[in-house]
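File shown: target04.txt. Contents: compact mmCIF, C-alpha atoms.
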# COMPACT_ATOMS: atom_id res chain seq x y z
CA MET R 1 -30.09 -7.09 7.92
CA ARG R 2 -32.91 -5.22 6.22
CA SER R 3 -35.16 -6.46 3.48
CA GLN R 4 -34.00 -7.56 0.03
CA GLY R 5 -34.34 -4.08 -1.49
CA ALA R 6 -32.31 -2.11 1.04
CA TYR R 7 -28.82 -2.42 -0.48
CA ASP R 8 -26.34 0.44 -0.56
CA CYS R 9 -24.36 -1.26 -3.33
CA ASP R 10 -24.03 -4.46 -5.32
CA VAL R 11 -20.41 -5.25 -4.44
CA LEU R 12 -18.77 -4.15 -1.21
CA VAL R 13 -14.95 -4.18 -1.32
CA VAL R 14 -13.01 -4.10 1.97
CA GLY R 15 -9.57 -2.58 1.45
CA GLY R 16 -8.39 0.44 -0.53
CA GLY R 17 -4.97 -0.81 -1.54
CA ILE R 18 -4.04 -1.42 -5.16
CA VAL R 19 -5.72 -4.86 -5.29
CA GLY R 20 -9.01 -3.66 -3.83
CA LEU R 21 -9.11 -0.63 -6.12
CA SER R 22 -8.15 -2.72 -9.14
CA THR R 23 -11.01 -5.06 -8.31
CA ALA R 24 -13.46 -2.16 -8.16
CA TYR R 25 -12.09 -0.86 -11.47
CA ALA R 26 -12.40 -4.30 -13.11
CA ILE R 27 -15.99 -4.80 -11.94
CA THR R 28 -17.25 -1.47 -13.25
CA ARG R 29 -15.41 -1.99 -16.55
CA ALA R 30 -16.78 -5.51 -17.02
CA ALA R 31 -20.33 -4.71 -15.87
CA PRO R 32 -21.13 -0.99 -16.23
CA GLY R 33 -23.84 0.09 -13.85
CA THR R 34 -22.74 -2.26 -11.09
CA ARG R 35 -22.68 -0.28 -7.86
CA VAL R 36 -19.38 -0.74 -6.02
CA THR R 37 -18.41 0.67 -2.64
CA VAL R 38 -14.86 0.44 -1.26
CA LEU R 39 -14.29 0.66 2.49
CA GLU R 40 -10.80 1.78 3.53
CA LYS R 41 -9.90 2.40 7.16
CA GLU R 42 -7.14 4.90 6.37
CA PRO R 43 -7.76 8.54 5.29
CA GLY R 44 -6.46 7.79 1.77
CA PRO R 45 -5.59 4.91 -0.56
CA ALA R 46 -2.51 2.67 -0.63
CA ARG R 47 -1.22 3.48 2.87
CA HIS R 48 0.29 0.07 3.63
CA GLN R 49 1.74 -2.61 1.32
CA THR R 50 1.01 -0.68 -1.88
CA GLY R 51 2.67 2.51 -0.71
CA ARG R 52 5.57 1.00 1.22
CA ASN R 53 7.30 -1.24 -1.30
CA SER R 54 10.23 -0.80 -3.69
CA GLY R 55 8.05 0.50 -6.54
CA VAL R 56 9.33 -2.26 -8.83
CA ILE R 57 7.32 -3.59 -11.76
CA HIS R 58 8.43 -7.22 -11.53
CA SER R 59 9.06 -9.27 -14.66
CA GLY R 60 7.79 -12.58 -13.26
CA ILE R 61 11.11 -14.42 -13.57
CA TYR R 62 11.11 -15.81 -10.04
CA TYR R 63 7.76 -17.56 -10.03
CA ARG R 64 6.87 -21.18 -10.75
CA PRO R 65 5.71 -21.58 -14.36
CA GLY R 66 1.95 -21.91 -14.54
CA SER R 67 1.38 -20.35 -11.10
CA LEU R 68 -0.88 -17.34 -10.65
CA LYS R 69 2.16 -15.28 -9.67
CA ALA R 70 3.99 -16.18 -12.87
CA ARG R 71 1.02 -15.68 -15.20
CA TYR R 72 -0.27 -12.51 -13.57
CA ALA R 73 3.15 -10.90 -13.06
CA VAL R 74 4.17 -11.35 -16.70
CA LYS R 75 0.81 -10.12 -17.97
CA GLY R 76 0.50 -7.49 -15.25
CA ALA R 77 3.93 -5.96 -15.92
CA ALA R 78 3.03 -5.19 -19.53
CA GLU R 79 -0.40 -3.90 -18.54
CA MET R 80 1.03 -1.75 -15.75
CA VAL R 81 3.43 -0.01 -18.14
CA LYS R 82 0.56 0.62 -20.55
CA PHE R 83 -1.72 1.89 -17.76
CA CYS R 84 0.95 4.29 -16.48
CA ALA R 85 1.60 5.59 -20.00
CA GLU R 86 -2.12 6.08 -20.67
CA TYR R 87 -2.69 8.11 -17.51
CA GLY R 88 0.64 9.94 -17.31
CA ILE R 89 1.82 8.14 -14.15
CA ASP R 90 5.58 8.20 -13.51
CA HIS R 91 7.22 4.98 -14.67
CA ALA R 92 10.21 3.59 -16.56
CA VAL R 93 11.21 0.23 -17.99
CA THR R 94 14.76 0.00 -16.65
CA GLY R 95 15.64 -3.68 -16.73
CA LYS R 96 17.51 -5.23 -13.82
CA LEU R 97 20.50 -7.36 -12.94
CA ILE R 98 20.38 -10.51 -10.80
CA VAL R 99 23.93 -11.05 -9.62
CA ALA R 100 25.66 -14.15 -8.25
CA THR R 101 28.46 -13.25 -5.85
CA GLU R 102 29.37 -16.79 -4.71
CA ARG R 103 29.94 -20.02 -6.65
CA SER R 104 27.19 -21.75 -4.70
CA GLU R 105 24.71 -19.31 -6.27
CA LEU R 106 25.61 -20.13 -9.88
CA PRO R 107 23.28 -23.17 -10.20
CA ARG R 108 20.39 -21.10 -8.83
CA LEU R 109 21.20 -18.30 -11.27
CA HIS R 110 21.14 -20.77 -14.17
CA ALA R 111 17.82 -22.15 -12.88
CA LEU R 112 16.42 -18.62 -13.00
CA VAL R 113 17.46 -18.31 -16.64
CA GLN R 114 15.52 -21.48 -17.43
CA ARG R 115 12.52 -20.35 -15.39
CA GLY R 116 12.50 -16.99 -17.14
CA ARG R 117 12.48 -18.67 -20.54
CA GLU R 118 9.63 -20.96 -19.46
CA ASN R 119 7.68 -17.88 -18.39
CA GLY R 120 8.35 -16.18 -21.73
CA ILE R 121 10.70 -13.55 -20.31
CA PRO R 122 13.75 -12.41 -22.33
CA VAL R 123 16.93 -12.96 -20.32
CA ARG R 124 20.56 -12.18 -21.17
CA GLU R 125 23.33 -14.09 -19.40
CA LEU R 126 26.39 -12.08 -18.40
CA GLY R 127 29.91 -12.94 -17.35
CA ALA R 128 31.73 -11.06 -14.59
CA ALA R 129 33.27 -8.51 -16.98
CA GLN R 130 29.91 -7.80 -18.68
CA ILE R 131 28.24 -6.73 -15.44
CA ALA R 132 30.06 -3.38 -15.70
CA GLU R 133 28.21 -2.62 -18.97
CA TYR R 134 25.11 -2.09 -16.86
CA GLU R 135 26.47 -1.34 -13.39
CA PRO R 136 30.13 -0.21 -13.24
CA GLU R 137 30.31 -0.35 -9.43
CA VAL R 138 28.65 -3.75 -8.98
CA ARG R 139 30.79 -6.87 -8.62
CA GLY R 140 29.83 -10.51 -9.16
CA LEU R 141 30.86 -13.82 -10.69
CA ALA R 142 27.98 -13.83 -13.19
CA ALA R 143 24.61 -12.18 -13.70
CA ILE R 144 21.49 -12.14 -15.79
CA HIS R 145 19.83 -9.07 -17.24
CA VAL R 146 16.02 -9.00 -17.27
CA GLY R 147 14.89 -6.31 -19.67
CA THR R 148 11.16 -6.17 -18.82
CA THR R 149 11.58 -5.08 -15.19
CA GLY R 150 10.62 -1.48 -14.44
CA ILE R 151 9.63 1.01 -11.77
CA CYS R 152 6.53 3.11 -11.20
CA ASP R 153 4.50 5.14 -8.74
CA PHE R 154 2.10 2.50 -7.39
CA VAL R 155 0.37 5.03 -5.14
CA GLY R 156 -0.36 7.10 -8.25
CA VAL R 157 -1.72 3.97 -9.93
CA ALA R 158 -4.00 3.29 -6.95
CA ARG R 159 -5.34 6.84 -6.99
CA GLN R 160 -6.06 6.61 -10.72
CA LEU R 161 -7.83 3.27 -10.28
CA ALA R 162 -10.01 4.85 -7.60
CA ARG R 163 -10.92 7.75 -9.89
CA ALA R 164 -11.47 5.65 -13.02
CA SER R 165 -13.52 2.96 -11.28
CA GLY R 166 -16.48 5.23 -10.57
CA ALA R 167 -16.85 3.38 -7.26
CA GLU R 168 -17.84 5.09 -4.05
CA ILE R 169 -14.67 5.17 -1.93
CA ARG R 170 -15.26 5.61 1.80
CA TYR R 171 -12.08 6.51 3.64
CA GLY R 172 -11.85 6.35 7.43
CA ALA R 173 -14.25 3.38 7.32
CA GLU R 174 -12.73 0.68 9.53
CA VAL R 175 -14.70 -2.55 9.54
CA GLU R 176 -15.83 -3.65 13.01
CA ARG R 177 -18.51 -6.26 12.34
CA ILE R 178 -19.85 -8.23 9.37
CA ASP R 179 -23.25 -9.89 9.14
CA ARG R 180 -23.30 -12.21 6.12
CA ARG R 181 -26.50 -14.08 5.27
CA ALA R 182 -26.48 -16.35 2.25
CA SER R 183 -30.14 -15.65 1.46
CA LEU R 184 -29.85 -11.86 1.72
CA GLY R 185 -26.39 -10.36 1.46
CA VAL R 186 -23.78 -8.69 3.63
CA ALA R 187 -24.07 -5.89 6.16
CA VAL R 188 -20.87 -4.27 7.41
CA ARG R 189 -20.71 -1.99 10.42
CA VAL R 190 -17.80 0.43 10.42
CA ARG R 191 -16.26 2.36 13.28
CA GLY R 192 -18.64 5.12 14.26
CA GLY R 193 -21.72 2.96 13.81
CA ASP R 194 -22.56 3.35 10.11
CA VAL R 195 -23.81 0.20 8.39
CA VAL R 196 -23.18 -0.48 4.68
CA ARG R 197 -25.16 -3.20 2.92
CA GLY R 198 -24.22 -5.04 -0.24
CA ARG R 199 -25.16 -8.16 -2.14
CA VAL R 200 -21.59 -9.52 -2.31
CA LEU R 201 -18.45 -8.87 -0.22
CA VAL R 202 -14.92 -8.80 -1.60
CA ASN R 203 -12.16 -9.03 1.02
CA CYS R 204 -8.97 -7.25 -0.12
CA ALA R 205 -7.90 -6.25 3.39
CA GLY R 206 -4.24 -7.22 2.98
CA LEU R 207 -2.62 -7.31 6.41
CA HIS R 208 -6.05 -7.94 7.97
CA CYS R 209 -7.58 -10.24 5.34
CA ASP R 210 -7.73 -13.32 7.58
CA GLU R 211 -9.48 -11.30 10.30
CA VAL R 212 -12.05 -10.00 7.80
CA ALA R 213 -12.65 -13.56 6.58
CA ARG R 214 -13.37 -14.68 10.13
CA LEU R 215 -15.68 -11.70 10.70
CA THR R 216 -17.57 -12.90 7.63
CA GLY R 217 -17.96 -16.31 9.27
CA ASP R 218 -15.43 -18.13 7.08
CA ASP R 219 -12.41 -20.11 8.25
CA PRO R 220 -9.53 -18.90 6.04
CA GLY R 221 -7.35 -21.89 6.93
CA MET R 222 -4.32 -19.64 7.24
CA ARG R 223 -2.99 -16.77 9.31
CA ILE R 224 -1.32 -13.57 8.22
CA VAL R 225 2.13 -13.45 9.80
CA PRO R 226 3.55 -9.95 9.28
CA PHE R 227 7.18 -9.54 8.22
CA ARG R 228 8.73 -6.09 8.35
CA GLY R 229 11.05 -5.06 5.54
CA GLU R 230 13.53 -2.35 6.54
CA TYR R 231 15.07 -0.01 3.98
CA TYR R 232 17.93 2.44 3.73
CA GLU R 233 18.44 5.17 1.17
CA LEU R 234 21.83 5.44 -0.55
CA ALA R 235 23.52 8.77 0.16
CA ARG R 236 25.56 8.37 -3.04
CA PRO R 237 22.92 7.36 -5.60
CA GLU R 238 25.41 7.79 -8.44
CA LEU R 239 26.85 4.40 -7.46
CA VAL R 240 23.80 2.61 -8.88
CA ARG R 241 22.29 3.12 -12.32
CA GLY R 242 19.21 0.92 -12.07
CA LEU R 243 18.03 -2.22 -10.25
CA VAL R 244 20.41 -4.82 -8.79
CA TYR R 245 19.26 -8.00 -7.01
CA PRO R 246 21.05 -10.93 -5.38
CA VAL R 247 20.20 -14.50 -6.34
CA PRO R 248 17.23 -15.40 -4.09
CA ASP R 249 16.95 -18.50 -1.95
CA PRO R 250 14.07 -20.54 -3.45
CA ALA R 251 13.06 -21.78 0.02
CA PHE R 252 11.76 -18.30 0.89
CA PRO R 253 9.33 -15.87 -0.74
CA PHE R 254 11.72 -12.97 -0.02
CA LEU R 255 14.12 -11.64 -2.67
CA GLY R 256 16.94 -10.48 -0.41
CA VAL R 257 18.51 -7.06 0.04
CA HIS R 258 18.52 -5.33 -3.33
CA LEU R 259 19.30 -1.92 -4.85
CA THR R 260 16.49 0.03 -6.50
CA ARG R 261 16.77 3.38 -8.27
CA GLY R 262 13.25 4.75 -7.96
CA ILE R 263 11.25 7.14 -10.07
CA ASP R 264 12.45 9.99 -7.83
CA GLY R 265 16.08 9.26 -8.72
CA GLY R 266 16.95 8.06 -5.23
CA VAL R 267 18.31 4.58 -4.56
CA HIS R 268 16.65 2.42 -1.91
CA ILE R 269 18.45 -0.55 -0.37
CA GLY R 270 16.53 -3.41 1.19
CA PRO R 271 14.40 -4.91 2.44
CA ASN R 272 15.38 -7.51 4.94
CA ALA R 273 12.58 -9.63 6.46
CA VAL R 274 12.04 -9.73 10.22
CA PRO R 275 8.93 -10.61 12.24
CA ALA R 276 6.81 -7.56 12.94
CA LEU R 277 5.29 -7.17 16.41
CA ALA R 278 2.07 -5.78 14.92
CA ARG R 279 0.33 -6.07 11.58
CA GLU R 280 1.26 -2.48 10.94
CA GLY R 281 4.46 -2.70 12.96
CA TYR R 282 6.80 -0.48 10.96
CA GLY R 283 9.34 -0.31 13.79
CA TRP R 284 10.44 -2.37 16.80
CA GLY R 285 8.62 0.12 19.03
CA THR R 286 5.20 -0.70 17.60
CA VAL R 287 3.74 -3.62 19.56
CA ARG R 288 0.07 -4.66 19.57
CA PRO R 289 -0.37 -7.44 22.11
CA ARG R 290 -3.55 -8.87 20.58
CA GLU R 291 -2.01 -9.11 17.11
CA LEU R 292 1.29 -10.42 18.44
CA GLY R 293 -0.61 -12.99 20.48
CA ALA R 294 -2.48 -14.14 17.36
CA THR R 295 0.85 -14.71 15.62
CA LEU R 296 2.41 -16.52 18.58
CA THR R 297 -0.56 -18.83 19.12
CA TRP R 298 -0.68 -19.90 15.46
CA PRO R 299 1.08 -23.29 15.19
CA GLY R 300 2.52 -22.38 11.80
CA SER R 301 4.53 -19.52 13.30
CA TRP R 302 6.52 -21.85 15.56
CA ARG R 303 7.03 -24.35 12.78
CA ILE R 304 8.51 -21.58 10.58
CA ALA R 305 10.81 -20.57 13.44
CA ARG R 306 12.06 -24.12 13.99
CA ARG R 307 12.52 -24.81 10.28
CA HIS R 308 14.22 -21.55 9.29
CA TRP R 309 15.86 -20.26 12.45
CA ARG R 310 19.27 -19.79 10.80
CA TYR R 311 17.84 -17.64 8.04
CA GLY R 312 15.78 -15.68 10.57
CA ALA R 313 18.79 -15.10 12.81
CA GLY R 314 20.67 -13.54 9.90
CA GLU R 315 17.76 -11.24 9.10
CA LEU R 316 17.46 -10.16 12.74
CA ARG R 317 21.20 -9.47 12.90
CA ARG R 318 20.93 -7.19 9.86
CA SER R 319 17.96 -5.45 11.47
CA VAL R 320 19.72 -4.53 14.70
CA SER R 321 23.20 -3.99 13.22
CA LYS R 322 23.80 -1.41 10.52
CA LYS R 323 27.27 -2.87 10.11
CA ALA R 324 25.82 -6.30 9.30
CA PHE R 325 23.33 -4.76 6.86
CA THR R 326 26.18 -2.88 5.16
CA GLN R 327 28.18 -6.09 4.82
CA ALA R 328 25.25 -7.70 2.99
CA VAL R 329 25.06 -4.74 0.60
CA ARG R 330 28.82 -4.76 -0.02
CA ARG R 331 28.58 -8.23 -1.53
CA LEU R 332 26.98 -6.50 -4.51
CA LEU R 333 28.34 -2.97 -4.14
CA PRO R 334 31.81 -3.00 -2.54
CA GLU R 335 32.12 0.80 -2.48
CA VAL R 336 29.32 1.20 0.09
CA SER R 337 30.16 2.21 3.65
CA GLU R 338 27.94 2.49 6.74
CA GLY R 339 27.88 6.25 6.30
CA ASP R 340 26.29 5.85 2.85
CA LEU R 341 23.14 4.27 4.31
CA VAL R 342 20.41 6.62 5.51
CA PRO R 343 17.38 5.03 7.28
CA ALA R 344 14.18 5.10 5.20
CA ALA R 345 10.55 4.11 5.77
CA ALA R 346 9.88 0.42 6.37
CA GLY R 347 7.13 -1.78 4.97
CA VAL R 348 5.28 -4.83 6.25
CA ARG R 349 4.56 -7.89 4.11
CA ALA R 350 1.27 -9.73 4.69
CA GLN R 351 2.48 -13.31 4.42
CA ALA R 352 -0.08 -16.11 4.63
CA VAL R 353 1.12 -19.07 6.68
CA LEU R 354 -0.65 -22.42 6.90
CA ARG R 355 -1.10 -24.34 10.14
CA ASP R 356 1.76 -26.69 9.24
CA GLY R 357 4.17 -23.77 8.83
CA THR R 358 4.06 -23.62 5.04
CA LEU R 359 4.61 -20.13 3.66
CA VAL R 360 1.91 -19.77 1.00
CA ASP R 361 3.91 -19.25 -2.18
CA ASP R 362 1.19 -18.27 -4.65
CA PHE R 363 -1.65 -15.77 -4.69
CA LEU R 364 -4.55 -17.27 -2.74
CA ILE R 365 -8.18 -16.43 -3.56
CA ARG R 366 -11.07 -18.29 -1.96
CA GLU R 367 -14.83 -18.02 -2.32
CA SER R 368 -17.79 -18.69 -0.06
CA ALA R 369 -21.45 -17.72 -0.05
CA ARG R 370 -21.67 -14.09 -1.24
CA ALA R 371 -17.97 -13.52 -0.50
CA VAL R 372 -14.61 -13.57 -2.27
CA HIS R 373 -11.49 -13.48 -0.09
CA VAL R 374 -8.01 -12.49 -1.30
CA LEU R 375 -5.92 -14.25 1.36
CA ASN R 376 -2.37 -14.00 0.02
CA ALA R 377 -1.34 -11.13 -2.22
CA PRO R 378 2.15 -9.90 -1.28
CA SER R 379 4.78 -9.01 -3.89
CA PRO R 380 4.36 -9.10 -6.90
CA ALA R 381 0.72 -8.20 -6.26
CA ALA R 382 1.21 -4.51 -7.10
CA THR R 383 2.75 -5.48 -10.46
CA ALA R 384 -0.02 -8.04 -11.05
CA SER R 385 -2.85 -5.92 -9.66
CA LEU R 386 -4.70 -5.40 -12.95
CA PRO R 387 -5.08 -9.12 -13.81
CA ILE R 388 -5.68 -9.96 -10.13
CA GLY R 389 -8.45 -7.37 -10.07
CA ARG R 390 -10.05 -8.91 -13.16
CA GLU R 391 -9.93 -12.40 -11.63
CA VAL R 392 -11.40 -11.29 -8.31
CA GLY R 393 -13.92 -9.07 -10.07
CA ALA R 394 -15.07 -11.94 -12.29
CA ARG R 395 -15.63 -14.12 -9.23
CA ALA R 396 -17.55 -11.33 -7.50
CA LEU R 397 -19.77 -10.80 -10.55
CA ALA R 398 -20.43 -14.55 -10.75
CA ALA R 399 -21.46 -14.53 -7.10
CA LEU R 400 -23.65 -11.51 -7.81
CA ALA R 401 -25.34 -13.27 -10.72
CA GLY R 402 -26.10 -16.28 -8.53
CA ALA R 403 -27.33 -14.26 -5.57
Take the structure in the file and give it back as structure tokens.
Amino acid sequence: MRSQGAYDCDVLVVGGGIVGLSTAYAITRAAPGTRVTVLEKEPGPARHQTGRNSGVIHSGIYYRPGSLKARYAVKGAAEMVKFCAEYGIDHAVTGKLIVATERSELPRLHALVQRGRENGIPVRELGAAQIAEYEPEVRGLAAIHVGTTGICDFVGVARQLARASGAEIRYGAEVERIDRRASLGVAVRVRGGDVVRGRVLVNCAGLHCDEVARLTGDDPGMRIVPFRGEYYELARPELVRGLVYPVPDPAFPFLGVHLTRGIDGGVHIGPNAVPALAREGYGWGTVRPRELGATLTWPGSWRIARRHWRYGAGELRRSVSKKAFTQAVRRLLPEVSEGDLVPAAAGVRAQAVLRDGTLVDDFLIRESARAVHVLNAPSPAATASLPIGREVGARALAALAGA
């Protein structure tokens, strides 16, 4: 670490996904003149979670009232639509259906109606015959229509945030080492040997956020366990008009296999949720022994497996069997056949897991000396990225003021 005056920037953000770029944008908006540098290991922005999701602007209906997810998703959805409109980014407010296909799901569907109302989200309850008003080919016992759900180009949003932030964005800058000193600041060495120095570090590294926290010298108290979500594209997109979801199981942070008509007019089906064999393991053939070993040696991973093995077995079956995946889809869309499903790009969810096996349900942001760590920001983080960025940015500026 050099002397007090040798800083390359005031705030150093690790991670060029939508949360990291939103944080940079929020900092420069709140405190013009603040020098922000973003380090992203990929050659461009939004190459992982941001660019490999369903592109859905979530309403916030699923999340516990008062939680960060609920507050930021509801606020973030409205802000995201406004941001896209302001900058000419492809988007649409489509609404969506959440459909119960079995009687056992009806109490959970009703609970979602109540949760939506508590979160201030307009919800319309539908009987079986009314489902066809929105989706003629979808079948169910009952449904709810959520009018504030939409779709957008989150990669386009990330690119615009990068441009509008005025931050220095360094692509191809993979973090190798971090030297954090409470009395001085943070020095980060990237692959190739360059060193970048800042007064405060913000960790928005997504799939690698726990590793970055440990490089900083902090114990994150959790481990990222990667779950791959596999998608298909519907060869007959005319079967689906908009967005159709099953009733989710509240014991899991995953929403189940759903149907999403994207901004390109195509319909994506998925994702399921299976353990990934690498943090960027987008297929069964991608295995990174060190990362897999870190997952297998984390006590929480085994506790998840023991607690939820039945659910996991079903997800694995749908991963290896197209027939099983098709059967899951046909619960909502009976007309679908195996031949209608065309493999599409997969994504990986960065799910924080505690030592006791608890799946962290809310966004998780922690602070330490000259550092702010975003340790759990999976879906709906893209939807909520603007308010998340403001929250993280405010904490970074407070740390900067006290440095």
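Of the listed residues (R:Val274, R:Val188, R:Val56, R:Ala369), R:Val56 comes nearest to R:Thr94; the distances count only C-alpha atoms.
Each of R:Gly285, R:Pro248, R:Gly140, R:Pro43 was checked against R:Arg330 using only C-alpha atoms; the smallest atom-to-atom distance is that of R:Gly140.
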Which value, in Å to one decimal, gives the distance between atom CA of R:Gly185 and atom CA of R:Gly44? 27.0 Å
Rows by chain and residue number, stretch 93-207 of chain R within 12 Å of stretch 255-262 of chain R, shortest pair, all atoms listed in the file, as a tab-separated table:
residue	atom	partner	partner_atom	distance
R:Val93	CA	R:Gly262	CA	11.2
R:Thr94	CA	R:Arg261	CA	9.3
R:Gly95	CA	R:Thr260	CA	10.9
R:Lys96	CA	R:Thr260	CA	9.1
R:Leu97	CA	R:Leu259	CA	9.8
R:Ile98	CA	R:His258	CA	9.3
R:Val99	CA	R:His258	CA	10.1
R:Glu135	CA	R:Leu259	CA	11.2
R:Val138	CA	R:Leu259	CA	10.4
R:Thr149	CA	R:Thr260	CA	11.2
R:Gly150	CA	R:Gly262	CA	9.4
R:Ile151	CA	R:Gly262	CA	6.5
R:Cys152	CA	R:Gly262	CA	7.6
R:Asp153	CA	R:Gly262	CA	8.8
R:Phe154	CA	R:Gly262	CA	11.4
Could you give me, as JSON, numbers by chain, the residues that sit within 12 Å of (35.0, -6.0, -12.3) in the file's coordinates, counting all atoms listed in the file? {"R": [101, 127, 128, 129, 130, 131, 132, 133, 134, 135, 136, 137, 138, 139, 140, 141, 142, 332, 333, 334]}
Around (-11.7, -17.5, 7.9), as given in the file, which residues come within 12 Å? Count only C-alpha atoms and list them as an MDAnalysis selection string. chainID R and resid 203 208:224 366:368 371:375
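Atom CA of R:Ser165 to atom CA of R:Pro226 spans 29.7 Å [interatomic distance, one decimal].
Atom pair atom CA of R:Val190 / atom CA of R:Ala24: separated by 19.3 Å.
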Tell me which protein, DNA and RNA residues are within 12 Å of R:Leu316, counting only C-alpha atoms, leaving out same-chain ones fewer than 2 positions away, and put them as a compact mmCIF listing (two decimals) with C-alpha atoms, in the frame of the given file.
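Generated output (part.txt):
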# COMPACT_ATOMS: atom_id res chain seq x y z
CA PHE R 227 7.18 -9.54 8.22
CA ARG R 228 8.73 -6.09 8.35
CA GLY R 229 11.05 -5.06 5.54
CA GLU R 230 13.53 -2.35 6.54
CA PRO R 271 14.40 -4.91 2.44
CA ASN R 272 15.38 -7.51 4.94
CA ALA R 273 12.58 -9.63 6.46
CA VAL R 274 12.04 -9.73 10.22
CA PRO R 275 8.93 -10.61 12.24
CA ALA R 276 6.81 -7.56 12.94
CA TRP R 284 10.44 -2.37 16.80
CA TRP R 309 15.86 -20.26 12.45
CA ARG R 310 19.27 -19.79 10.80
CA TYR R 311 17.84 -17.64 8.04
CA GLY R 312 15.78 -15.68 10.57
CA ALA R 313 18.79 -15.10 12.81
CA GLY R 314 20.67 -13.54 9.90
CA ARG R 318 20.93 -7.19 9.86
CA SER R 319 17.96 -5.45 11.47
CA VAL R 320 19.72 -4.53 14.70
CA SER R 321 23.20 -3.99 13.22
CA LYS R 322 23.80 -1.41 10.52
CA ALA R 324 25.82 -6.30 9.30
CA PHE R 325 23.33 -4.76 6.86
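Shortest atom-to-atom contact with R:Val186 among R:Ile365, R:Leu354, R:Asn376, R:Asp8: R:Asp8, counting all atoms listed in the file.
With distances taken over only C-alpha atoms, R:Arg117 is the one residue among R:Lys82, R:Arg181, R:Arg117, R:His91 lying closest to R:Tyr63.
Shortest separation to R:Gly265 among R:Ser379, R:Asp90, R:Thr37, R:Glu335 occurs at residue R:Asp90, atoms counted being all atoms listed in the file.
The closest residue to R:Ile121, picked from R:Ile61, R:Leu277, R:Leu106, R:Ala77 and counting all atoms listed in the file, is R:Ile61.
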Non-local contacts of R:Leu21 (7 Å; all atoms listed in the file; under 6 positions in same chain excluded) as a PyMOL selection string: chain R and resi 158+161-162
For R:Ala394, please output as a ChimeraX atom specification all residues within 10 Å (counting only C-alpha atoms; exclusion window: fewer than 2 positions along the same chain). /R:23,26-27,30-31,388-392,396-400
Polymer residues at most 12 Å from R:Arg288, all atoms listed in the file, same-chain spacing of 6 or more positions, as an NGL selection string: :R and (276-282 or 294-295)
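For R:Arg163, the non-local neighbours within 12 Å, defined as residues at least 3 positions apart in the same chain or in other chains and counting only C-alpha atoms, are Leu21, Ser22, Ala24, Tyr25, Thr28, Val38, Pro45, Tyr87, Gly156, Val157, Ala158, Arg159, Gln160, Gly166, Ala167, Glu168 and Ile169 of chain R.
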